[in-house]
>>> print(open('start-v2.pdb').read())   # PDB, C-alpha atoms and all ligand atoms
MODEL        1
ATOM      1  CA  MET A   1     119.254 -93.974 -34.991
ATOM      2  CA  GLU A   2     118.239 -97.553 -34.362
ATOM      3  CA  PRO A   3     119.949 -99.176 -31.366
ATOM      4  CA  PHE A   4     121.167-102.016 -33.546
ATOM      5  CA  GLN A   5     122.557-102.803 -36.960
ATOM      6  CA  ILE A   6     122.157-105.943 -39.068
ATOM      7  CA  GLU A   7     124.571-107.027 -41.779
ATOM      8  CA  ILE A   8     124.948-110.181 -43.853
ATOM      9  CA  ILE A   9     128.313-111.904 -43.518
ATOM     10  CA  SER A  10     127.751-114.676 -46.074
ATOM     11  CA  ALA A  11     125.221-114.900 -48.882
ATOM     12  CA  GLU A  12     125.601-118.581 -49.765
ATOM     13  CA  THR A  13     123.917-119.709 -46.525
ATOM     14  CA  ALA A  14     120.607-117.978 -47.261
ATOM     15  CA  GLY A  15     117.449-119.779 -46.207
ATOM     16  CA  ASP A  16     113.815-119.212 -45.324
ATOM     17  CA  LEU A  17     113.385-120.232 -41.702
ATOM     18  CA  GLN A  18     109.638-119.811 -41.960
ATOM     19  CA  GLU A  19     109.662-123.142 -43.808
ATOM     20  CA  ASN A  20     110.831-124.854 -40.616
ATOM     21  CA  GLN A  21     107.531-125.438 -38.831
ATOM     22  CA  VAL A  22     109.048-126.639 -35.551
ATOM     23  CA  PHE A  23     111.209-123.530 -35.405
ATOM     24  CA  MET A  24     108.278-121.230 -36.106
ATOM     25  CA  LYS A  25     105.971-122.983 -33.651
ATOM     26  CA  ASN A  26     108.428-122.400 -30.800
ATOM     27  CA  LEU A  27     109.211-118.818 -31.679
ATOM     28  CA  SER A  28     107.613-116.006 -29.715
ATOM     29  CA  GLY A  29     108.107-113.642 -32.589
ATOM     30  CA  SER A  30     109.110-110.097 -31.767
ATOM     31  CA  SER A  31     109.410-107.531 -34.534
ATOM     32  CA  LEU A  32     113.192-107.835 -34.283
ATOM     33  CA  ALA A  33     112.941-111.626 -34.677
ATOM     34  CA  PHE A  34     111.028-111.156 -37.911
ATOM     35  CA  LYS A  35     113.562-108.608 -39.132
ATOM     36  CA  LEU A  36     116.287-111.191 -38.566
ATOM     37  CA  LEU A  37     114.245-113.938 -40.254
ATOM     38  CA  ASP A  38     113.825-111.605 -43.216
ATOM     39  CA  SER A  39     117.537-110.902 -43.430
ATOM     40  CA  ALA A  40     118.287-114.648 -43.254
ATOM     41  CA  ARG A  41     116.740-114.927 -46.715
ATOM     42  CA  LYS A  42     119.838-113.060 -47.896
ATOM     43  CA  GLY A  43     122.376-115.042 -45.867
ATOM     44  CA  THR A  44     123.922-115.239 -42.411
ATOM     45  CA  PRO A  45     122.782-112.225 -40.386
ATOM     46  CA  LEU A  46     125.036-110.564 -37.835
ATOM     47  CA  ILE A  47     123.385-108.104 -35.487
ATOM     48  CA  ARG A  48     125.329-105.561 -33.471
ATOM     49  CA  ILE A  49     123.794-104.085 -30.334
ATOM     50  CA  GLY A  50     125.406-101.402 -28.188
ATOM     51  CA  LYS A  51     128.811 -99.792 -28.554
ATOM     52  CA  GLY A  52     132.267 -99.649 -27.020
ATOM     53  CA  SER A  53     134.013-102.222 -24.846
ATOM     54  CA  PRO A  54     133.795-105.030 -24.067
ATOM     55  CA  LYS A  55     133.036-106.543 -27.479
ATOM     56  CA  ILE A  56     131.687-110.072 -27.406
ATOM     57  CA  MET A  57     129.893-112.384 -29.821
ATOM     58  CA  LEU A  58     127.258-115.073 -29.365
ATOM     59  CA  THR A  59     126.648-117.561 -32.139
ATOM     60  CA  ALA A  60     123.960-120.218 -32.613
ATOM     61  CA  GLY A  61     122.931-122.529 -35.426
ATOM     62  CA  VAL A  62     126.400-123.695 -36.464
ATOM     63  CA  HIS A  63     124.491-126.981 -36.394
ATOM     64  CA  GLY A  64     121.246-126.084 -38.165
ATOM     65  CA  ASN A  65     119.217-128.871 -36.542
ATOM     66  CA  GLU A  66     119.883-127.563 -33.025
ATOM     67  CA  LEU A  67     116.956-125.202 -32.715
ATOM     68  CA  SER A  68     116.771-124.259 -29.012
ATOM     69  CA  PRO A  69     119.818-121.928 -28.943
ATOM     70  CA  GLN A  70     118.725-120.237 -32.167
ATOM     71  CA  ILE A  71     115.368-119.344 -30.633
ATOM     72  CA  ALA A  72     117.049-118.286 -27.382
ATOM     73  CA  ALA A  73     119.389-116.007 -29.345
ATOM     74  CA  LEU A  74     116.415-114.151 -30.800
ATOM     75  CA  ALA A  75     115.006-113.598 -27.313
ATOM     76  CA  VAL A  76     118.394-112.320 -26.122
ATOM     77  CA  ALA A  77     118.623-109.936 -29.086
ATOM     78  CA  GLN A  78     115.224-108.470 -28.269
ATOM     79  CA  LYS A  79     116.141-108.038 -24.581
ATOM     80  CA  LEU A  80     119.390-106.310 -25.496
ATOM     81  CA  VAL A  81     117.802-103.768 -27.829
ATOM     82  CA  ASP A  82     115.150-102.992 -25.227
ATOM     83  CA  GLN A  83     117.714-101.740 -22.736
ATOM     84  CA  ASN A  84     120.949 -99.780 -22.545
ATOM     85  CA  ILE A  85     123.972-102.023 -22.228
ATOM     86  CA  GLU A  86     127.572-101.235 -21.403
ATOM     87  CA  GLY A  87     129.525-102.628 -24.317
ATOM     88  CA  THR A  88     128.896-104.270 -27.659
ATOM     89  CA  VAL A  89     127.158-107.583 -28.248
ATOM     90  CA  TYR A  90     127.335-109.193 -31.678
ATOM     91  CA  LEU A  91     124.849-111.983 -32.264
ATOM     92  CA  ILE A  92     124.642-114.532 -35.038
ATOM     93  CA  PRO A  93     121.298-116.168 -34.192
ATOM     94  CA  PHE A  94     121.369-118.595 -37.137
ATOM     95  CA  ALA A  95     124.784-119.187 -38.627
ATOM     96  CA  ILE A  96     123.455-121.169 -41.590
ATOM     97  CA  PRO A  97     119.846-120.247 -42.349
ATOM     98  CA  PHE A  98     119.718-122.840 -45.132
ATOM     99  CA  ALA A  99     120.657-125.641 -42.702
ATOM    100  CA  THR A 100     118.159-124.383 -40.124
ATOM    101  CA  MET A 101     115.444-124.260 -42.782
ATOM    102  CA  LYS A 102     116.168-127.935 -43.554
ATOM    103  CA  SER A 103     116.878-128.863 -39.909
ATOM    104  CA  SER A 104     120.210-130.260 -41.044
ATOM    105  CA  ARG A 105     123.384-130.702 -38.986
ATOM    106  CA  ARG A 106     125.496-130.320 -42.091
ATOM    107  CA  PHE A 107     125.846-127.718 -44.815
ATOM    108  CA  LYS A 108     127.044-128.743 -48.289
ATOM    109  CA  GLY A 109     127.971-132.087 -46.765
ATOM    110  CA  PHE A 110     130.227-130.625 -44.090
ATOM    111  CA  ASP A 111     129.963-130.272 -40.331
ATOM    112  CA  MET A 112     130.660-126.569 -39.822
ATOM    113  CA  ASN A 113     131.943-127.237 -36.311
ATOM    114  CA  ARG A 114     134.774-129.357 -37.718
ATOM    115  CA  THR A 115     135.840-127.071 -40.563
ATOM    116  CA  ALA A 116     136.508-123.713 -38.940
ATOM    117  CA  PHE A 117     140.167-123.860 -40.027
ATOM    118  CA  LYS A 118     139.169-124.303 -43.660
ATOM    119  CA  GLU A 119     139.176-121.252 -45.900
ATOM    120  CA  GLY A 120     135.793-120.597 -47.495
ATOM    121  CA  THR A 121     133.628-122.311 -44.891
ATOM    122  CA  LEU A 122     131.034-120.388 -42.931
ATOM    123  CA  SER A 123     132.683-121.111 -39.579
ATOM    124  CA  ASN A 124     136.009-119.847 -40.930
ATOM    125  CA  GLU A 125     134.176-116.724 -42.079
ATOM    126  CA  ILE A 126     132.912-116.187 -38.518
ATOM    127  CA  ILE A 127     136.479-116.391 -37.211
ATOM    128  CA  LYS A 128     137.613-113.815 -39.756
ATOM    129  CA  VAL A 129     134.812-111.498 -38.667
ATOM    130  CA  ALA A 130     135.706-112.116 -34.990
ATOM    131  CA  LYS A 131     139.318-111.140 -35.670
ATOM    132  CA  ASP A 132     138.339-108.082 -37.739
ATOM    133  CA  LEU A 133     136.073-106.880 -34.939
ATOM    134  CA  ASN A 134     138.802-107.401 -32.359
ATOM    135  CA  LEU A 135     136.435-109.350 -30.128
ATOM    136  CA  ASP A 136     137.180-109.888 -26.458
ATOM    137  CA  SER A 137     135.421-113.239 -26.557
ATOM    138  CA  LEU A 138     133.027-115.525 -28.430
ATOM    139  CA  ALA A 139     130.547-118.142 -27.230
ATOM    140  CA  ASP A 140     128.967-120.737 -29.495
ATOM    141  CA  PHE A 141     125.631-122.219 -28.407
ATOM    142  CA  HIS A 142     124.490-125.738 -29.245
ATOM    143  CA  ALA A 143     121.986-128.420 -28.274
ATOM    144  CA  THR A 144     122.938-132.033 -27.682
ATOM    145  CA  LYS A 145     120.465-134.891 -27.834
ATOM    146  CA  PRO A 146     120.002-137.041 -24.715
ATOM    147  CA  TYR A 147     122.443-139.979 -24.396
ATOM    148  CA  SER A 148     124.688-138.655 -27.168
ATOM    149  CA  ASN A 149     128.070-136.971 -26.839
ATOM    150  CA  PRO A 150     128.112-134.988 -24.563
ATOM    151  CA  GLY A 151     124.382-135.620 -23.975
ATOM    152  CA  VAL A 152     124.323-133.403 -20.883
ATOM    153  CA  GLU A 153     124.038-129.661 -20.390
ATOM    154  CA  SER A 154     127.633-128.528 -20.515
ATOM    155  CA  ILE A 155     130.286-125.948 -21.293
ATOM    156  CA  PHE A 156     133.316-126.885 -23.387
ATOM    157  CA  CYS A 157     136.462-124.891 -22.756
ATOM    158  CA  SER A 158     140.244-125.191 -22.727
ATOM    159  CA  LYS A 159     143.168-123.805 -20.731
ATOM    160  CA  LYS A 160     145.735-123.314 -23.463
ATOM    161  CA  PRO A 161     146.391-121.001 -25.181
ATOM    162  CA  CYS A 162     143.524-119.028 -23.578
ATOM    163  CA  GLN A 163     143.172-119.586 -19.852
ATOM    164  CA  GLU A 164     140.216-117.194 -19.906
ATOM    165  CA  SER A 165     138.188-119.791 -21.811
ATOM    166  CA  PHE A 166     138.200-121.814 -18.580
ATOM    167  CA  THR A 167     137.450-118.783 -16.377
ATOM    168  CA  ILE A 168     134.415-117.942 -18.493
ATOM    169  CA  ALA A 169     133.228-121.552 -18.255
ATOM    170  CA  GLU A 170     133.550-121.436 -14.459
ATOM    171  CA  HIS A 171     131.423-118.300 -14.373
ATOM    172  CA  ILE A 172     128.686-119.878 -16.515
ATOM    173  CA  ASN A 173     128.877-123.033 -14.397
ATOM    174  CA  LYS A 174     128.276-121.038 -11.215
ATOM    175  CA  ALA A 175     125.130-119.483 -12.615
ATOM    176  CA  THR A 176     123.688-122.493 -14.453
ATOM    177  CA  LYS A 177     125.317-125.641 -13.023
ATOM    178  CA  SER A 178     126.059-126.693 -16.617
ATOM    179  CA  LYS A 179     128.905-129.233 -16.473
ATOM    180  CA  ILE A 180     132.392-127.990 -17.362
ATOM    181  CA  ILE A 181     134.171-130.107 -19.965
ATOM    182  CA  CYS A 182     137.691-128.732 -20.087
ATOM    183  CA  HIS A 183     140.557-129.713 -22.360
ATOM    184  CA  LYS A 184     144.108-128.752 -21.612
ATOM    185  CA  ASN A 185     144.819-127.552 -25.128
ATOM    186  CA  ALA A 186     142.305-126.143 -27.596
ATOM    187  CA  GLY A 187     141.604-128.482 -30.494
ATOM    188  CA  THR A 188     143.163-131.668 -29.145
ATOM    189  CA  LEU A 189     140.018-133.792 -29.342
ATOM    190  CA  TYR A 190     139.223-132.928 -32.943
ATOM    191  CA  ASN A 191     139.986-130.155 -35.364
ATOM    192  CA  GLY A 192     137.936-127.263 -36.602
ATOM    193  CA  ALA A 193     135.462-126.441 -33.840
ATOM    194  CA  LEU A 194     134.593-122.757 -33.901
ATOM    195  CA  GLU A 195     135.403-122.476 -30.187
ATOM    196  CA  ASP A 196     138.813-124.132 -30.516
ATOM    197  CA  GLU A 197     139.849-122.124 -33.542
ATOM    198  CA  CYS A 198     138.898-118.918 -31.705
ATOM    199  CA  ASN A 199     140.949-119.928 -28.674
ATOM    200  CA  LYS A 200     143.878-120.750 -30.938
ATOM    201  CA  SER A 201     143.537-117.222 -32.356
ATOM    202  CA  ASN A 202     143.614-115.813 -28.812
ATOM    203  CA  ILE A 203     139.927-114.990 -28.696
ATOM    204  CA  PRO A 204     138.751-116.647 -25.444
ATOM    205  CA  ALA A 205     135.827-118.888 -26.378
ATOM    206  CA  VAL A 206     133.475-121.504 -24.987
ATOM    207  CA  THR A 207     130.847-123.848 -26.444
ATOM    208  CA  CYS A 208     127.620-124.196 -24.452
ATOM    209  CA  GLU A 209     125.304-127.182 -24.864
ATOM    210  CA  VAL A 210     121.743-127.669 -23.661
ATOM    211  CA  VAL A 211     119.891-130.949 -23.969
ATOM    212  CA  SER A 212     117.311-131.236 -26.755
ATOM    213  CA  HIS A 213     116.524-133.653 -29.569
ATOM    214  CA  ASN A 214     117.747-132.687 -33.023
ATOM    215  CA  GLY A 215     115.195-130.780 -35.050
ATOM    216  CA  LYS A 216     113.061-130.277 -31.954
ATOM    217  CA  VAL A 217     112.795-127.870 -29.057
ATOM    218  CA  ASP A 218     112.503-130.061 -25.966
ATOM    219  CA  PRO A 219     110.505-128.409 -23.150
ATOM    220  CA  GLY A 220     112.678-125.984 -21.178
ATOM    221  CA  SER A 221     115.669-126.239 -23.528
ATOM    222  CA  GLN A 222     115.375-122.790 -25.059
ATOM    223  CA  GLU A 223     115.068-121.324 -21.560
ATOM    224  CA  ARG A 224     118.225-123.190 -20.450
ATOM    225  CA  SER A 225     120.104-121.928 -23.497
ATOM    226  CA  TYR A 226     118.878-118.407 -22.724
ATOM    227  CA  LEU A 227     120.220-118.731 -19.166
ATOM    228  CA  GLN A 228     123.614-119.823 -20.481
ATOM    229  CA  MET A 229     123.681-116.774 -22.756
ATOM    230  CA  VAL A 230     122.746-114.455 -19.879
ATOM    231  CA  ALA A 231     125.463-116.018 -17.696
ATOM    232  CA  TYR A 232     128.049-115.672 -20.471
ATOM    233  CA  MET A 233     127.275-111.981 -20.978
ATOM    234  CA  SER A 234     127.299-111.299 -17.246
ATOM    235  CA  TYR A 235     130.935-112.457 -17.108
ATOM    236  CA  PHE A 236     131.641-109.326 -19.145
ATOM    237  CA  GLY A 237     129.445-107.098 -16.993
ATOM    238  CA  ILE A 238     126.666-107.095 -19.567
ATOM    239  CA  GLU A 239     123.544-107.791 -17.546
ATOM    240  CA  ILE A 240     120.103-108.245 -19.015
ATOM    241  CA  HIS A 241     117.066-107.928 -16.841
TER     242      HIS A 241
HETATM  243 ZN    ZN E 301     126.070-128.801 -32.120
ENDMDL
END
>>> encode(input="start-v2.pdb", output="structure tokens")
Amino acid sequence: MEPFQIEIISAETAGDLQENQVFMKNLSGSSLAFKLLDSARKGTPLIRIGKGSPKIMLTAGVHGNELSPQIAALAVAQKLVDQNIEGTVYLIPFAIPFATMKSSRRFKGFDMNRTAFKEGTLSNEIIKVAKDLNLDSLADFHATKPYSNPGVESIFCSKKPCQESFTIAEHINKATKSKIICHKNAGTLYNGALEDECNKSNIPAVTCEVVSHNGKVDPGSQERSYLQMVAYMSYFGIEIH
């Protein structure tokens, strides 16, 4: 039996990432990476690695033009299948392959990190999957361009209704020094972020940002995103070496 399983959670997002030359140039392609690229031609791939508790999920590419976390997610997936882990990690390395192919922030005109409450959107689909899987937590990985909002390497979290969102952020902060940006209540700043909607559904969640220009992979940014992912997993006792 293979140590992992890939399924497609939405077909309408299908895209050929090999058409994105910047993405491909920065990829150190493992065989698993190419398997995931192949499955992205059919839609949003979800890979499951390991079994049992805890059950956590890492997502990247909710903004298709933020490439660094999507490449880091592939490296994390490869590391995880190469070793025995205690627990289950679900990874969505590219939430919207079509948007990543086009290096677009939006999909069908919408920002998927503002529409997670809306039935039928991809981000809402991810929340449904997260609930069905009974996840212990979810982390969504992004890249922010310099001098934008937030423009610095950071971790978004909130204290209500899930205090653990903040605890997870503190743990990642200790390991990476990424700045904590904490809101008292989930979803007060704007509506429909994947992280906020998870927290509102009592799935403790954070959003991690590294600094990189849109549509590019700034030097070191995929490594920083990788470190954030490693720190997030280590909160749950899932260590990769
Ligand atoms: Zn983003």
>>> closest_residue(input="start-v2.pdb", among="A:Ile71, A:Leu36, A:Cys162, A:Ile96", to="A:Ser225", atoms="all atoms listed in the file")
A:Ile71
>>> closest_atom_pairs(input="start-v2.pdb", of="chain A", to="ligand ZN 301 (chain E)", cutoff="8 Å", atoms="only C-alpha atoms and all ligand atoms", output="CSV")
residue,atom,partner,partner_atom,distance
A:Gly61,CA,E:ZN301,ZN,7.8
A:Val62,CA,E:ZN301,ZN,6.7
A:His63,CA,E:ZN301,ZN,4.9
A:Glu66,CA,E:ZN301,ZN,6.4
A:Arg105,CA,E:ZN301,ZN,7.6
A:Asn113,CA,E:ZN301,ZN,7.4
A:Phe141,CA,E:ZN301,ZN,7.6
A:His142,CA,E:ZN301,ZN,4.5
A:Ala143,CA,E:ZN301,ZN,5.6
A:Thr144,CA,E:ZN301,ZN,6.3
A:Glu209,CA,E:ZN301,ZN,7.5
>>> resolve_selection(input="start-v2.pdb", expression="the PyMOL selection byres (((chain A and resi 97) around 8) and not hetatm)", output="JSON list (two decimals) with C-alpha atoms, in the frame of the given file")
[["chain", "number", "residue", "atom", "x", "y", "z"],
["A", 13, "THR", "CA", 123.92, -119.71, -46.52],
["A", 14, "ALA", "CA", 120.61, -117.98, -47.26],
["A", 15, "GLY", "CA", 117.45, -119.78, -46.21],
["A", 16, "ASP", "CA", 113.82, -119.21, -45.32],
["A", 17, "LEU", "CA", 113.38, -120.23, -41.70],
["A", 40, "ALA", "CA", 118.29, -114.65, -43.25],
["A", 41, "ARG", "CA", 116.74, -114.93, -46.72],
["A", 43, "GLY", "CA", 122.38, -115.04, -45.87],
["A", 44, "THR", "CA", 123.92, -115.24, -42.41],
["A", 61, "GLY", "CA", 122.93, -122.53, -35.43],
["A", 64, "GLY", "CA", 121.25, -126.08, -38.16],
["A", 94, "PHE", "CA", 121.37, -118.60, -37.14],
["A", 95, "ALA", "CA", 124.78, -119.19, -38.63],
["A", 96, "ILE", "CA", 123.46, -121.17, -41.59],
["A", 98, "PHE", "CA", 119.72, -122.84, -45.13],
["A", 99, "ALA", "CA", 120.66, -125.64, -42.70],
["A", 100, "THR", "CA", 118.16, -124.38, -40.12],
["A", 101, "MET", "CA", 115.44, -124.26, -42.78]]
>>> residues_around(input="start-v2.pdb", residues="A:Val81", least_positions_apart="3", cutoff="10 Å", atoms="all atoms listed in the file", output="list of chain:residue names")
A:Glu2, A:Pro3, A:Phe4, A:Leu32, A:Arg48, A:Ile49, A:Gly50, A:Val76, A:Ala77, A:Gln78, A:Asn84, A:Ile85
>>> atom_distance(input="start-v2.pdb", atom1="atom CA of A:Lys200", atom2="atom CA of A:Gln228")
22.8 Å
>>> residues_around(input="start-v2.pdb", residues="stretch 172-185 of chain A", least_positions_apart="6", cutoff="12 Å", atoms="all atoms listed in the file", output="PyMOL selection string")
chain A and resi 139+149-166+191+195-197+199-200+205-211+223-236
>>> closest_residue(input="start-v2.pdb", among="A:Lys108, A:Thr188, A:Thr121, A:Ala72", to="A:Ser28", atoms="only C-alpha atoms")
A:Ala72
>>> atom_distance(input="start-v2.pdb", atom1="atom CA of A:Gln70", atom2="atom CA of A:Leu91")
10.3 Å
>>> axis_aligned_box(input="start-v2.pdb", around="stretch 190-205 of chain A", padding_each_side="5 Å", output="lines of an AutoDock Vina configuration file")
center_x = 139.2
center_y = -124.0
center_z = -31.0
size_x = 19.3
size_y = 27.9
size_z = 21.2
>>> atom_distance(input="start-v2.pdb", atom1="atom CA of A:Leu138", atom2="atom CA of A:Gly29")
25.3 Å
>>> closest_residue(input="start-v2.pdb", among="A:Thr59, A:Asn134, A:Ser68, A:Ser39", to="A:Val22", atoms="all atoms listed in the file")
A:Ser68
>>> closest_residue(input="start-v2.pdb", among="A:Lys128, A:Lys216, A:Lys51, A:His171", to="A:Phe23", atoms="only C-alpha atoms")
A:Lys216
>>> closest_residue(input="start-v2.pdb", among="A:Val89, A:His213, A:Lys102, A:Asp111", to="A:Ser53", atoms="only C-alpha atoms")
A:Val89
>>> closest_residue(input="start-v2.pdb", among="A:Asn214, A:Gln5, A:Ser10, A:Gln83", to="A:Ile126", atoms="only C-alpha atoms")
A:Ser10
>>> residues_around(input="start-v2.pdb", residues="A:Ser30", least_positions_apart="5", cutoff="9 Å", atoms="only C-alpha atoms", output="list in words")
Lys35, Leu74, Ala75 and Gln78 of chain A
>>> decode(input="start-v2.pdb", residues="stretch 23-38 of chain A", atoms="N, CA and C atoms", output="PDB file, in the first residue's frame")
ATOM      1  N   PHE A  23       6.622  29.011 -11.843  1.00  0.00           N
ATOM      2  CA  PHE A  23       6.364  27.911 -10.907  1.00  0.00           C
ATOM      3  C   PHE A  23       7.291  26.736 -11.210  1.00  0.00           C
ATOM      4  N   MET A  24       7.352  26.347 -12.465  1.00  0.00           N
ATOM      5  CA  MET A  24       8.127  25.171 -12.846  1.00  0.00           C
ATOM      6  C   MET A  24       9.620  25.387 -12.636  1.00  0.00           C
ATOM      7  N   LYS A  25      10.068  26.615 -12.891  1.00  0.00           N
ATOM      8  CA  LYS A  25      11.499  26.917 -12.768  1.00  0.00           C
ATOM      9  C   LYS A  25      11.961  26.787 -11.310  1.00  0.00           C
ATOM     10  N   ASN A  26      11.063  27.066 -10.380  1.00  0.00           N
ATOM     11  CA  ASN A  26      11.434  27.051  -8.963  1.00  0.00           C
ATOM     12  C   ASN A  26      11.165  25.718  -8.276  1.00  0.00           C
ATOM     13  N   LEU A  27      10.601  24.809  -9.030  1.00  0.00           N
ATOM     14  CA  LEU A  27      10.214  23.518  -8.463  1.00  0.00           C
ATOM     15  C   LEU A  27      11.396  22.556  -8.509  1.00  0.00           C
ATOM     16  N   SER A  28      11.700  21.911  -7.367  1.00  0.00           N
ATOM     17  CA  SER A  28      12.655  20.809  -7.456  1.00  0.00           C
ATOM     18  C   SER A  28      11.810  19.554  -7.477  1.00  0.00           C
ATOM     19  N   GLY A  29      11.463  19.139  -8.670  1.00  0.00           N
ATOM     20  CA  GLY A  29      10.397  18.167  -8.873  1.00  0.00           C
ATOM     21  C   GLY A  29      10.716  16.759  -8.406  1.00  0.00           C
ATOM     22  N   SER A  30      10.046  16.329  -7.355  1.00  0.00           N
ATOM     23  CA  SER A  30      10.099  14.928  -6.958  1.00  0.00           C
ATOM     24  C   SER A  30       9.032  14.179  -7.742  1.00  0.00           C
ATOM     25  N   SER A  31       9.071  12.849  -7.657  1.00  0.00           N
ATOM     26  CA  SER A  31       8.054  12.077  -8.379  1.00  0.00           C
ATOM     27  C   SER A  31       6.673  12.367  -7.800  1.00  0.00           C
ATOM     28  N   LEU A  32       6.603  12.586  -6.493  1.00  0.00           N
ATOM     29  CA  LEU A  32       5.319  12.909  -5.870  1.00  0.00           C
ATOM     30  C   LEU A  32       4.806  14.262  -6.373  1.00  0.00           C
ATOM     31  N   ALA A  33       5.720  15.230  -6.516  1.00  0.00           N
ATOM     32  CA  ALA A  33       5.318  16.545  -7.037  1.00  0.00           C
ATOM     33  C   ALA A  33       4.671  16.384  -8.405  1.00  0.00           C
ATOM     34  N   PHE A  34       5.265  15.560  -9.248  1.00  0.00           N
ATOM     35  CA  PHE A  34       4.703  15.398 -10.593  1.00  0.00           C
ATOM     36  C   PHE A  34       3.377  14.636 -10.563  1.00  0.00           C
ATOM     37  N   LYS A  35       3.225  13.738  -9.627  1.00  0.00           N
ATOM     38  CA  LYS A  35       1.937  13.067  -9.446  1.00  0.00           C
ATOM     39  C   LYS A  35       0.852  14.088  -9.086  1.00  0.00           C
ATOM     40  N   LEU A  36       1.221  15.016  -8.211  1.00  0.00           N
ATOM     41  CA  LEU A  36       0.250  16.039  -7.793  1.00  0.00           C
ATOM     42  C   LEU A  36      -0.034  17.017  -8.929  1.00  0.00           C
ATOM     43  N   LEU A  37       0.997  17.371  -9.703  1.00  0.00           N
ATOM     44  CA  LEU A  37       0.776  18.240 -10.864  1.00  0.00           C
ATOM     45  C   LEU A  37      -0.165  17.565 -11.857  1.00  0.00           C
ATOM     46  N   ASP A  38       0.037  16.276 -12.038  1.00  0.00           N
ATOM     47  CA  ASP A  38      -0.838  15.497 -12.929  1.00  0.00           C
ATOM     48  C   ASP A  38      -2.276  15.521 -12.451  1.00  0.00           C
TER      49      ASP A  38
END
